[in-house]
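**Q** I'm passing along entry_10.cif; it holds mmCIF, C-alpha atoms.
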data_work
#
loop_
_atom_site.label_atom_id
_atom_site.label_comp_id
_atom_site.auth_asym_id
_atom_site.auth_seq_id
_atom_site.Cartn_x
_atom_site.Cartn_y
_atom_site.Cartn_z
CA MET A 1 10.80 -8.14 -3.05
CA ASP A 2 10.66 -5.19 -0.64
CA SER A 3 12.30 -6.25 2.66
CA VAL A 4 9.26 -5.47 4.83
CA VAL A 5 6.86 -7.21 2.47
CA LYS A 6 9.22 -10.20 2.38
CA GLU A 7 9.18 -10.43 6.18
CA ILE A 8 5.38 -10.32 6.16
CA LYS A 9 5.04 -12.89 3.37
CA ASN A 10 7.52 -15.30 4.97
CA TYR A 11 5.71 -15.04 8.28
CA ALA A 12 2.30 -15.51 6.69
CA ASP A 13 3.49 -18.61 4.84
CA GLY A 14 4.53 -20.14 8.16
CA VAL A 15 1.15 -19.68 9.85
CA SER A 16 -1.35 -22.53 9.76
CA TYR A 17 -4.38 -23.44 11.82
CA SER A 18 -2.82 -26.74 12.87
CA ARG A 19 0.26 -25.00 14.30
CA MET A 20 -1.71 -22.47 16.33
CA THR A 21 -1.98 -23.17 20.03
CA GLU A 22 -5.39 -23.86 21.52
CA GLU A 23 -4.94 -20.77 23.67
CA GLU A 24 -4.40 -18.63 20.56
CA LYS A 25 -7.44 -20.11 18.82
CA GLU A 26 -9.69 -19.40 21.80
CA ALA A 27 -8.28 -15.89 22.17
CA LEU A 28 -8.95 -15.09 18.51
CA LYS A 29 -12.49 -16.47 18.68
CA MET A 30 -13.10 -14.32 21.76
CA ARG A 31 -11.85 -11.23 19.95
CA ILE A 32 -14.07 -11.88 16.96
CA ALA A 33 -17.05 -12.30 19.28
CA ASP A 34 -16.03 -9.18 21.22
CA SER A 35 -15.86 -7.19 17.99
CA ILE A 36 -19.44 -8.21 17.22
CA ILE A 37 -20.56 -7.04 20.68
CA THR A 38 -18.93 -3.67 20.08
CA ALA A 39 -20.35 -3.43 16.56
CA TYR A 40 -23.83 -4.05 17.95
CA THR A 41 -23.51 -1.02 20.24
CA ALA A 42 -22.93 1.21 17.20
CA ARG A 43 -25.35 -0.41 14.75
CA SER A 44 -27.54 2.72 14.60
CA SER A 45 -24.92 5.34 15.41
CA PRO A 46 -24.77 8.62 13.44
CA PRO A 47 -21.72 7.76 11.29
CA VAL A 48 -23.08 4.31 10.48
CA ASN A 49 -26.40 5.83 9.42
CA ALA A 50 -24.57 8.40 7.30
CA LEU A 51 -22.55 5.70 5.55
CA LEU A 52 -25.65 3.57 5.02
CA ASP A 53 -27.38 6.56 3.44
CA VAL A 54 -24.57 6.94 0.90
CA LEU A 55 -23.38 3.34 0.35
CA GLY A 56 -26.03 1.05 1.77
CA ASP A 57 -27.64 0.24 -1.60
CA VAL A 58 -24.51 -0.33 -3.70
CA SER A 59 -24.95 -3.81 -5.13
CA SER A 60 -22.39 -5.97 -6.90
CA LYS A 61 -21.72 -9.56 -7.88
CA THR A 62 -19.08 -9.34 -5.11
CA ALA A 63 -21.29 -8.64 -2.12
CA THR A 64 -20.90 -9.15 1.65
CA PRO A 65 -23.58 -9.01 4.35
CA LEU A 66 -23.85 -5.95 6.55
CA TYR A 67 -23.93 -6.70 10.26
CA PHE A 68 -27.44 -6.83 11.75
CA LYS A 69 -29.09 -6.03 8.39
CA ASP A 70 -31.04 -8.04 5.83
CA ARG A 71 -28.85 -7.04 2.92
CA LYS A 72 -25.56 -7.47 1.14
CA ILE A 73 -23.60 -4.68 -0.55
CA PHE A 74 -20.33 -4.32 -2.49
CA SER A 75 -17.81 -6.08 -0.26
CA PRO A 76 -15.37 -3.19 0.35
CA TYR A 77 -18.26 -0.92 1.30
CA ALA A 78 -19.59 -3.59 3.66
CA VAL A 79 -16.16 -3.58 5.32
CA LEU A 80 -16.33 0.20 5.71
CA ILE A 81 -19.76 0.09 7.37
CA ASN A 82 -19.13 -3.04 9.47
CA GLY A 83 -15.74 -1.63 10.45
CA CYS A 84 -17.25 1.66 11.54
CA MET A 85 -19.71 -0.26 13.73
CA THR A 86 -16.80 -2.19 15.24
CA ARG A 87 -14.78 0.90 16.05
CA TYR A 88 -17.17 3.75 16.73
CA MET A 89 -17.94 3.17 20.41
CA ASP A 90 -14.26 2.71 21.27
CA TYR A 91 -15.13 -0.62 22.88
CA ASN A 92 -13.03 -3.13 20.91
CA ASP A 93 -9.69 -4.62 21.91
CA THR A 94 -6.36 -2.82 22.29
CA TYR A 95 -2.63 -3.36 21.99
CA LEU A 96 -0.14 -0.98 23.63
CA SER A 97 3.46 -0.54 22.53
CA LYS A 98 5.39 2.21 20.72
CA GLU A 99 2.05 2.74 18.99
CA ALA A 100 -1.37 2.05 20.54
CA LEU A 101 -3.95 0.42 18.29
CA HIS A 102 -7.01 -1.85 18.08
CA PRO A 103 -6.18 -5.19 16.43
CA SER A 104 -9.79 -6.35 16.03
CA ASP A 105 -10.25 -3.56 13.50
CA ASN A 106 -8.94 -6.32 11.23
CA VAL A 107 -11.98 -8.56 11.86
CA PRO A 108 -14.43 -7.02 9.32
CA PRO A 109 -12.05 -7.24 6.34
CA ILE A 110 -10.95 -10.77 7.27
CA LEU A 111 -14.56 -11.96 7.59
CA ALA A 112 -15.46 -10.34 4.27
CA ALA A 113 -12.46 -11.87 2.49
CA ALA A 114 -13.33 -15.29 3.89
CA GLN A 115 -16.94 -14.95 2.79
CA MET A 116 -15.82 -13.93 -0.71
CA ALA A 117 -13.39 -16.87 -0.88
CA GLU A 118 -15.96 -19.30 0.54
CA ALA A 119 -13.48 -20.07 3.30
CA ASP A 120 -14.19 -21.56 6.71
CA GLY A 121 -13.62 -20.60 10.33
CA LYS A 122 -10.18 -22.20 10.41
CA ASP A 123 -9.11 -20.03 7.46
CA ILE A 124 -10.52 -16.99 9.28
CA LEU A 125 -8.48 -17.72 12.40
CA ARG A 126 -5.34 -18.19 10.31
CA GLY A 127 -5.90 -14.93 8.41
CA LEU A 128 -6.74 -13.04 11.58
CA LYS A 129 -3.68 -14.36 13.41
CA ILE A 130 -1.52 -13.07 10.55
CA ALA A 131 -3.21 -9.66 10.75
CA TYR A 132 -2.90 -9.49 14.55
CA ASP A 133 0.77 -10.46 14.57
CA VAL A 134 1.64 -8.06 11.74
CA VAL A 135 -0.18 -5.03 13.18
CA CYS A 136 1.17 -5.54 16.71
CA SER A 137 4.72 -6.17 15.47
CA LEU A 138 4.56 -2.93 13.50
CA ALA A 139 3.45 -1.17 16.68
CA ASP A 140 6.50 -2.64 18.41
CA ALA A 141 8.85 -1.61 15.62
CA VAL A 142 8.28 2.14 15.35
CA SER A 143 5.90 4.91 16.42
CA ILE A 144 4.52 7.18 13.71
CA ARG A 145 2.27 9.22 16.02
CA ASP A 146 4.84 11.91 16.79
CA ARG A 147 5.61 12.29 13.08
CA GLY A 148 1.99 13.28 12.48
CA TRP A 149 0.65 9.96 11.15
CA ASP A 150 -2.11 7.80 12.57
CA HIS A 151 -1.71 4.23 13.77
CA VAL A 152 -4.41 3.04 11.35
CA ASN A 153 -1.76 3.03 8.63
CA TYR A 154 -0.58 -0.19 10.23
CA ASP A 155 -4.05 -1.71 9.81
CA SER A 156 -3.80 -1.06 6.07
CA ILE A 157 -0.73 -3.28 6.04
CA SER A 158 -1.97 -5.98 8.40
CA SER A 159 -5.42 -6.35 6.86
CA SER A 160 -3.86 -6.51 3.38
CA ALA A 161 -1.62 -9.34 4.61
CA GLY A 162 -4.49 -11.28 6.17
CA ILE A 163 -6.74 -10.83 3.15
CA ALA A 164 -3.97 -11.78 0.69
CA SER A 165 -3.36 -14.94 2.70
CA ILE A 166 -7.05 -15.90 2.62
CA PHE A 167 -7.07 -15.22 -1.13
CA ASP A 168 -3.94 -17.41 -1.39
CA LEU A 169 -2.11 -14.87 -3.53
CA ASP A 170 1.31 -15.74 -4.94
CA ASP A 171 4.40 -13.69 -4.02
CA GLU A 172 3.94 -11.06 -6.71
CA LYS A 173 0.22 -10.52 -6.11
CA PHE A 174 0.76 -10.56 -2.33
CA GLU A 175 3.28 -7.72 -2.67
CA ASN A 176 0.93 -5.79 -4.95
CA ALA A 177 -1.93 -6.19 -2.47
CA ILE A 178 0.14 -4.61 0.31
CA SER A 179 1.51 -1.90 -1.98
CA LEU A 180 -1.92 -0.95 -3.30
CA GLY A 181 -3.36 -1.10 0.20
CA ILE A 182 -1.03 1.56 1.61
CA ILE A 183 0.06 3.79 -1.30
CA ASN A 184 -3.01 6.06 -1.35
CA ASN A 185 -4.08 5.51 2.26
CA VAL A 186 -1.58 7.25 4.52
CA SER A 187 -3.76 8.64 7.31
CA MET A 188 -2.94 11.83 9.23
CA ARG A 189 -2.92 11.96 13.04
CA GLN A 190 -5.10 15.06 12.94
CA THR A 191 -7.96 12.56 13.18
CA ARG A 192 -7.19 12.33 16.93
CA ALA A 193 -6.10 15.91 17.70
CA GLY A 194 -8.17 18.62 19.39
CA LYS A 195 -11.96 18.35 19.13
CA LEU A 196 -12.61 14.90 17.70
CA SER A 197 -15.12 14.08 14.99
CA MET A 198 -17.09 11.06 13.80
CA TRP A 199 -14.15 10.24 11.53
CA LYS A 200 -12.24 8.96 14.56
CA GLY A 201 -14.50 5.91 14.45
CA CYS A 202 -14.45 5.60 10.66
CA THR A 203 -10.84 6.11 9.61
CA VAL A 204 -9.60 2.56 10.26
CA ALA A 205 -12.65 1.13 8.51
CA TYR A 206 -11.78 3.26 5.47
CA GLN A 207 -8.23 1.88 5.58
CA THR A 208 -9.37 -1.74 5.72
CA MET A 209 -12.02 -1.13 3.04
CA SER A 210 -9.19 0.07 0.82
CA SER A 211 -7.12 -2.99 1.74
CA LEU A 212 -9.85 -5.34 0.56
CA LEU A 213 -10.26 -3.38 -2.66
CA ALA A 214 -6.48 -3.45 -3.14
CA ALA A 215 -6.29 -7.21 -2.66
CA MET A 216 -9.20 -7.75 -5.05
CA ASN A 217 -7.43 -5.68 -7.69
CA ALA A 218 -4.10 -7.39 -7.07
CA ARG A 219 -5.79 -10.76 -7.43
CA SER A 220 -7.09 -9.59 -10.83
CA GLY A 221 -3.60 -8.57 -11.96
CA LEU A 222 -3.34 -4.88 -11.07
CA THR A 223 0.21 -3.97 -10.05
CA GLY A 224 1.29 -1.47 -7.43
CA PRO A 225 4.47 0.55 -6.83
CA SER A 226 7.58 -1.50 -6.02
CA GLU A 227 9.66 -1.05 -2.85
CA ILE A 228 6.66 0.41 -1.04
CA PHE A 229 8.60 0.53 2.24
CA ASP A 230 12.27 0.61 1.14
CA GLY A 231 12.04 2.89 -1.90
CA GLU A 232 13.45 6.42 -2.10
CA MET A 233 9.94 7.83 -1.69
CA GLY A 234 8.58 4.85 0.24
CA PHE A 235 6.93 4.44 3.62
CA LYS A 236 10.18 4.54 5.61
CA LYS A 237 11.35 7.77 3.98
CA GLN A 238 8.01 9.55 3.96
CA VAL A 239 6.15 8.26 7.02
CA SER A 240 7.86 6.13 9.62
CA GLY A 241 11.59 6.66 9.41
CA PRO A 242 13.84 3.59 9.47
CA PHE A 243 12.68 0.48 11.31
CA ASP A 244 13.42 -3.21 11.47
CA LEU A 245 10.30 -5.41 11.40
CA ARG A 246 10.43 -8.76 13.14
CA ILE A 247 7.02 -10.40 13.34
CA SER A 248 6.14 -12.63 16.27
CA PRO A 249 2.97 -13.98 17.98
CA HIS A 250 0.99 -11.25 19.75
CA VAL A 251 -2.61 -12.34 20.13
CA LEU A 252 -2.29 -13.18 23.82
CA LYS A 253 -0.89 -9.72 24.60
CA THR A 254 -3.92 -7.91 23.22
CA MET A 255 -6.55 -6.69 25.68
CA ILE A 256 -10.34 -6.76 25.68
CA LYS A 257 -12.04 -3.60 26.91
CA ASN A 258 -14.17 -3.72 30.02
CA TYR A 259 -15.55 -0.21 29.44
CA PRO A 260 -16.09 1.89 26.27
CA VAL A 261 -13.23 4.29 26.98
CA GLU A 262 -9.89 5.01 25.31
CA TYR A 263 -7.70 2.26 26.71
CA HIS A 264 -5.26 4.53 28.54
CA ALA A 265 -8.23 5.56 30.72
CA MET A 266 -9.27 1.98 31.53
CA SER A 267 -7.44 1.76 34.86
CA ALA A 268 -8.68 5.24 35.77
CA ALA A 269 -12.30 4.22 35.14
CA GLN A 270 -11.88 1.08 37.24
CA ALA A 271 -10.12 2.99 40.03
CA ALA A 272 -12.79 5.71 40.06
CA SER A 273 -15.50 3.05 40.23
CA GLN A 274 -13.84 1.40 43.22
CA ILE A 275 -13.11 4.58 45.16
CA ARG A 276 -16.61 5.94 44.49
CA ASN A 277 -18.12 3.77 47.23
CA LYS A 278 -15.70 5.19 49.81
CA ILE A 279 -16.53 8.86 49.26
CA LYS A 280 -18.22 10.66 52.16
CA GLY A 281 -19.79 14.04 51.55
CA LYS A 282 -18.48 16.64 49.11
CA ILE A 283 -15.39 16.02 46.96
CA LYS A 284 -12.97 18.89 47.54
CA SER A 285 -10.13 17.88 45.24
CA ILE A 286 -8.98 15.04 42.98
CA SER A 287 -5.33 14.26 42.25
CA VAL A 288 -4.47 11.79 39.47
CA ASP A 289 -1.03 10.29 38.88
CA THR A 290 -0.59 8.96 35.35
CA PHE A 291 2.06 8.41 32.65
CA ARG A 292 3.11 10.64 29.78
CA VAL A 293 1.45 8.77 26.90
CA ALA A 294 -1.94 8.88 28.65
CA HIS A 295 -1.48 12.56 29.49
CA THR A 296 -0.61 13.37 25.87
CA ILE A 297 -3.52 11.49 24.32
CA ILE A 298 -6.41 11.94 26.77
CA VAL A 299 -5.59 14.75 29.22
CA LYS A 300 -3.54 17.67 27.93
CA ASP A 301 -5.79 19.19 25.24
CA PRO A 302 -8.20 21.86 26.54
CA GLU A 303 -11.02 20.11 24.67
CA LYS A 304 -10.63 17.19 27.09
CA LEU A 305 -11.75 19.44 29.95
CA ARG A 306 -14.98 20.42 28.19
CA PRO A 307 -15.76 17.66 25.69
CA GLU A 308 -18.54 18.67 23.33
CA ASN A 309 -19.22 15.32 21.70
CA LYS A 310 -18.99 11.60 22.28
CA GLU A 311 -15.78 11.25 20.28
CA THR A 312 -13.91 13.71 22.52
CA ALA A 313 -15.51 12.54 25.78
CA ASP A 314 -14.44 8.90 25.43
CA HIS A 315 -10.90 10.21 24.86
CA SER A 316 -10.99 12.42 27.98
CA MET A 317 -9.64 10.96 31.21
CA PRO A 318 -10.96 13.95 33.22
CA TYR A 319 -14.49 13.38 31.89
CA ILE A 320 -14.35 9.61 32.39
CA ILE A 321 -13.18 9.93 36.01
CA ALA A 322 -15.78 12.58 36.82
CA TYR A 323 -18.61 10.64 35.21
CA THR A 324 -17.64 7.43 37.02
CA LEU A 325 -17.35 9.10 40.42
CA LEU A 326 -20.84 10.53 40.02
CA TYR A 327 -22.75 7.83 38.14
CA GLY A 328 -20.80 4.58 38.28
CA GLU A 329 -19.11 2.45 35.63
CA PRO A 330 -19.19 4.03 32.15
CA ASP A 331 -21.22 2.39 29.39
CA VAL A 332 -22.23 3.26 25.85
CA ASN A 333 -24.77 5.80 27.14
CA SER A 334 -22.23 7.71 29.24
CA TYR A 335 -21.53 10.24 26.49
CA ASP A 336 -25.10 11.40 25.90
CA ALA A 337 -25.56 15.16 25.54
CA ARG A 338 -27.16 15.43 28.99
CA TYR A 339 -23.91 14.26 30.58
CA LEU A 340 -21.65 16.43 28.43
CA LYS A 341 -23.45 19.51 29.80
CA ASP A 342 -23.79 18.17 33.35
CA GLU A 343 -22.59 20.90 35.73
CA LYS A 344 -21.71 18.31 38.40
CA ILE A 345 -19.34 16.58 35.98
CA LEU A 346 -17.78 19.85 34.86
CA ASP A 347 -17.35 20.96 38.49
CA LEU A 348 -15.45 17.75 39.32
CA ILE A 349 -13.24 18.18 36.27
CA ASP A 350 -12.29 21.64 37.55
CA ARG A 351 -11.25 20.10 40.88
CA MET A 352 -8.77 17.69 39.22
CA LYS A 353 -5.01 17.91 39.03
CA PHE A 354 -2.98 15.54 36.83
CA ASN A 355 0.62 14.54 37.51
CA VAL A 356 2.93 12.60 35.19
CA THR A 357 5.24 10.45 37.32
CA LYS A 358 8.52 8.77 36.41
CA LYS A 359 7.42 5.64 38.24
CA PHE A 360 4.37 5.23 36.04
CA ASP A 361 6.27 6.23 32.89
CA ASP A 362 8.72 3.41 33.55
CA MET A 363 5.88 0.90 34.06
CA TYR A 364 4.15 1.66 30.74
CA PRO A 365 3.34 -0.12 28.38
CA GLU A 366 3.80 -3.39 30.28
CA TYR A 367 1.39 -1.99 32.87
CA LEU A 368 -1.33 0.65 32.73
CA PRO A 369 -0.88 2.38 36.10
CA VAL A 370 -2.98 5.10 37.69
CA LYS A 371 -3.39 6.52 41.19
CA ILE A 372 -6.43 8.57 42.17
CA GLN A 373 -6.44 10.49 45.44
CA ILE A 374 -9.62 12.18 46.59
CA GLU A 375 -10.11 14.63 49.43
CA ASP A 376 -13.66 14.67 50.76
CA ASP A 377 -15.38 15.76 54.02
CA GLU A 378 -13.76 12.83 55.80
CA GLY A 379 -10.20 13.44 54.59
CA LYS A 380 -7.97 11.91 51.91
CA LYS A 381 -8.31 8.45 50.40
CA ASP A 382 -6.61 6.92 47.39
CA ILE A 383 -6.50 3.88 45.16
CA GLU A 384 -3.77 2.68 42.79
CA ILE A 385 -4.29 0.19 39.95
CA ASP A 386 -1.52 -1.26 37.78
CA VAL A 387 -3.65 -3.20 35.29
CA PRO A 388 -7.41 -3.14 34.64
CA LYS A 389 -9.67 -6.13 34.04
CA GLY A 390 -9.18 -7.36 30.48
CA HIS A 391 -5.47 -6.48 30.41
CA PHE A 392 -3.29 -9.38 29.31
CA LYS A 393 -2.08 -9.67 32.92
CA ASP A 394 -5.72 -10.02 34.06
CA PRO A 395 -7.32 -11.40 30.89
CA TYR A 396 -10.93 -11.87 29.96
CA THR A 397 -12.47 -15.35 30.00
CA TRP A 398 -15.46 -16.51 27.98
CA SER A 399 -17.51 -15.93 31.12
CA ASP A 400 -16.29 -12.31 31.27
CA LEU A 401 -17.14 -11.87 27.61
CA MET A 402 -20.63 -13.25 28.13
CA ASN A 403 -21.09 -10.80 31.01
CA LYS A 404 -20.00 -7.94 28.73
CA ALA A 405 -22.50 -9.10 26.11
CA GLU A 406 -25.29 -9.36 28.69
CA ARG A 407 -24.57 -5.80 29.83
CA VAL A 408 -25.02 -4.65 26.24
CA ASP A 409 -28.05 -6.79 25.28
CA PRO A 410 -29.00 -10.42 26.05
CA LYS A 411 -29.74 -10.91 22.34
CA ILE A 412 -26.09 -10.34 21.44
CA ALA A 413 -25.06 -12.72 24.22
CA ASP A 414 -26.78 -15.52 22.28
CA VAL A 415 -24.64 -14.64 19.25
CA VAL A 416 -21.46 -14.74 21.35
CA LYS A 417 -22.39 -18.18 22.62
CA GLU A 418 -22.64 -19.49 19.05
CA LEU A 419 -19.47 -17.76 17.85
CA ARG A 420 -17.49 -19.80 20.36
CA ASN A 421 -17.74 -22.57 17.75
CA LEU A 422 -16.94 -20.44 14.70
CA ASP A 423 -13.96 -22.63 13.76
CA ARG A 424 -16.54 -25.29 12.84
CA MET A 425 -18.50 -22.94 10.56
CA HIS A 426 -18.12 -21.59 7.07
CA ALA A 427 -17.83 -17.82 6.69
CA GLY A 428 -21.38 -17.60 5.35
CA GLU A 429 -22.71 -19.34 8.45
CA ILE A 430 -20.87 -16.86 10.68
CA PHE A 431 -22.67 -13.96 9.00
CA GLU A 432 -25.95 -15.84 9.40
CA VAL A 433 -25.33 -16.10 13.15
CA ILE A 434 -24.49 -12.41 13.39
CA ASN A 435 -27.58 -11.42 11.46
CA ARG A 436 -30.00 -13.31 13.65
CA VAL A 437 -29.95 -10.08 15.62
CA LYS A 438 -31.46 -7.26 13.60
CA ALA A 439 -31.04 -3.55 14.19
#
Let's see the structure in the file written out as structure tokens.
**A**
Amino acid sequence: MDSVVKEIKNYADGVSYSRMTEEEKEALKMRIADSIITAYTARSSPPVNALLDVLGDVSSKTATPLYFKDRKIFSPYAVLINGCMTRYMDYNDTYLSKEALHPSDNVPPILAAAQMAEADGKDILRGLKIAYDVVCSLADAVSIRDRGWDHVNYDSISSSAGIASIFDLDDEKFENAISLGIINNVSMRQTRAGKLSMWKGCTVAYQTMSSLLAAMNARSGLTGPSEIFDGEMGFKKQVSGPFDLRISPHVLKTMIKNYPVEYHAMSAAQAASQIRNKIKGKIKSISVDTFRVAHTIIVKDPEKLRPENKETADHSMPYIIAYTLLYGEPDVNSYDARYLKDEKILDLIDRMKFNVTKKFDDMYPEYLPVKIQIEDDEGKKDIEIDVPKGHFKDPYTWSDLMNKAERVDPKIADVVKELRNLDRMHAGEIFEVINRVKA
């Protein structure tokens, strides 16, 4: 067996619901519920509507419910559409390491696999823990961003592992599921370069759709290439370079988003919100100290200074700071066209200067530091934040999650309340709870 696949399979075999800590179980249930909140915000978004137009009527004997709809479609396509809802608003959880990613992107494929297997909530938590620990451990092991590849490649691997575990595949079929899940689905980083497109919110859903299809085919006996990581033309040679994977528990180090912004801007949004109330008169200048990874991803590109669409704006620290200083905490409506063309926002962006500091570079990724200094009619004032609300050093509680749901829509808050008990439900019941709220 390929060495990386062997590490994943051995780890998966050692995970059971009974061995999980109560803290892990609660954290995973919160992240499932949070992913449903974020999916609800994108239930009628342009990419979701486009996918529904193309795939929304594809029926099959293997069918999974769409979120917030009165219909089931071919299970992999349901994962694509549900996954796009989960990801599109950039509001679901985050993990920061050598690679930054969103572990709850694994929720739609795990829920679909459980529904197909007629599994229960305990099986879901087990499968999701495997996926979380695999994807975060890969992010710890090696970065593929600078080699031109996107982090969602890791979700192909992790979701395949979680699905294969729920399907209870033997060693050979487990390896084939992971091989088939990644071989034709190596995603390019161009998805997140320059002016961003709708595909930013769809690419991981496409990966996990392919993972479910791969596991279904592996379960039926289809074989995939051997040595998918170690081979002479395998993942290590072609994509990542050499790495040593050691999987360990990670759920409690993942972070729930307080605002719908790219996570490296989370502290900046919180700092801007807090300093906003201290501003007197006209803002003359804004100085922002940050760290290199944040500057690379959400500051340096010229498109970040004049974002033309939602996808670019929620990945623009200059825009997020300017919007928050003018209008308060960002929400899912903060990227409407009227704001993208707002001269007051653009004027504030032009008054900003960004500085990458060694101090903040050394603090990342354990912390997410930012310092904003503003000069107004009264003089200079500043605020520095090391970690935002929702960071694993200041984690969300169920009460925080309910508040997030209420901010989005009281109807989805009722769903969150019920999902707190999802470990006592079957997968079909979980979809029934989700679909009590219709688009």
**Q** On this structure, which residues satisfy the PyMOL selection byres ((chain A and resi 301-315) around 9), written as an MDAnalysis selection string?
**A** chainID A and resid 88:90 192:201 260:265 295:300 316:320 334:337 340:341 346 349:350
**Q** Could you put an axis-aligned box around every listed atom of region 43-57 of chain A, padded by 5 Å on each side, and send me its centre and edge lengths in Å to one decimal, as lines of an AutoDock Vina configuration file?
**A**
center_x = -24.7
center_y = 4.1
center_z = 6.9
size_x = 15.9
size_y = 19.0
size_z = 27.0
**Q** Name the residues captured by the PyMOL selection byres ((chain A and resi 273) around 9) when it is applied to the shown file; answer as a ChimeraX atom specification.
**A** /A:268-272,274-277,321,324-325,327-330
**Q** For the atom pair CA of Trp149 (chain A) and CA of Gly234 (chain A), what is the interatomic distance in Å to one decimal place?
**A** 14.4 Å
**Q** Tell me which residues the PyMOL selection byres ((chain A and resi 258) around 12) grabs here, as number ranges by chain.
**A** A: 34, 37-38, 90-94, 255-257, 259-263, 265-270, 329-332, 387-391, 394-397, 400-405, 407-408
**Q** Could you give me, as number ranges by chain, the residues within 12 Å of Lys129 (chain A), counting only C-alpha atoms and dropping anything in the same chain fewer than 3 positions from it?
**A** A: 11-17, 19-21, 24-29, 31-32, 103-104, 106-107, 110, 122-126, 132-137, 158-159, 161-163, 165-166, 247-252, 254
**Q** Neighbouring residues of Thr64 (chain A) were defined as those with any atom within 6 Å, considering all atoms listed in the file; residues of the same chain fewer than 2 positions away were excluded. Please report them as a list in words.
**A** Lys72, Ile73 and Ser75 of chain A
**Q** Nearest to Lys438 (chain A) among A:Leu66, A:Leu55, A:Ile8, A:Glu406, with distances taken over all atoms listed in the file: which residue is it?
**A**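 The shortest atom-to-atom distance to Lys438 (chain A) comes from A:Leu66.
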**Q** Name all residues at most 7 Å from Ala205 (chain A) (count only C-alpha atoms; drop same-chain ones fewer than 2 positions away) and give them as a PyMOL selection string.
**A** chain A and resi 79-80+83-84+202-203+207-209
**Q** Kindly save the residues from that selection, with C-alpha atoms included, as a CSV table (one decimal), in the frame of the given file.
**A**
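And here's part_35.csv as it stands now:
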chain,number,residue,atom,x,y,z
A,79,VAL,CA,-16.2,-3.6,5.3
A,80,LEU,CA,-16.3,0.2,5.7
A,83,GLY,CA,-15.7,-1.6,10.4
A,84,CYS,CA,-17.2,1.7,11.5
A,202,CYS,CA,-14.4,5.6,10.7
A,203,THR,CA,-10.8,6.1,9.6
A,207,GLN,CA,-8.2,1.9,5.6
A,208,THR,CA,-9.4,-1.7,5.7
A,209,MET,CA,-12.0,-1.1,3.0
**Q** Between A:Met363, A:Met116, A:Ile228, A:Met30, which one has atoms that come closest to Val416 (chain A), using all atoms listed in the file?
**A** A:Met30
**Q** Using only C-alpha atoms, which protein or nucleic acid residues come within 10 Å of region 379-383 of chain A? Drop anything in the same chain fewer than 5 positions from it, and give the result as a list in words.
**A**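 Listed by chain and then number, they are Ala268, Gln270, Ala271, Ala272, Gln274, Ile275, Lys278, Ile279, Lys280, Ile283, Lys284, Ser285, Ile286, Ser287, Val288, Val370, Lys371, Ile372, Gln373 and Ile374 of chain A.
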**Q** Could you pull the residues within 12 Å of Val5 (chain A), counting all atoms listed in the file, minus those fewer than 5 positions along the same chain, as number ranges by chain?
**A** A: 10-12, 134, 157-158, 160-161, 164, 171-179, 182, 226-230, 235, 244-247
**Q** Looking at A:Thr62, A:Ala322, A:Asp414, A:Ile130, which one is nearest to Lys344 (chain A), with distances taken over only C-alpha atoms?
**A** A:Ala322
**Q** Report, in Å with one decimal, the straight-line distance from CA of Lys393 (chain A) to CA of Thr86 (chain A).
**A**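 Separation between CA of Lys393 (chain A) and CA of Thr86 (chain A): 24.2 Å.
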**Q** Grab the CA of Asn153 (chain A) to CA of Pro109 (chain A) distance for me, in Å with one decimal place.
**A**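 So the answer is 14.7 Å.
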**Q** Using all atoms listed in the file, which residue out of A:Ile36, A:Val437, A:Leu368, A:Leu419 lies closest to Asp386 (chain A)?
**A**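 Looking only at the distances to Asp386 (chain A), the closest residue turns out to be A:Leu368.
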**Q** Return the single residue from A:Leu326, A:Val293, A:Ala214, A:Ala141 that is closest to Lys236 (chain A), with distances computed using only C-alpha atoms.
**A**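 Using only C-alpha atoms, Lys236 (chain A) sits closest to A:Ala141.
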**Q** Kindly indicate which residue among A:Ser45, A:Glu22, A:Glu366, A:Gly281 lies nearest to Glu378 (chain A), using only C-alpha atoms for the distances.
**A**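 The answer is A:Gly281, which sits nearest to Glu378 (chain A).
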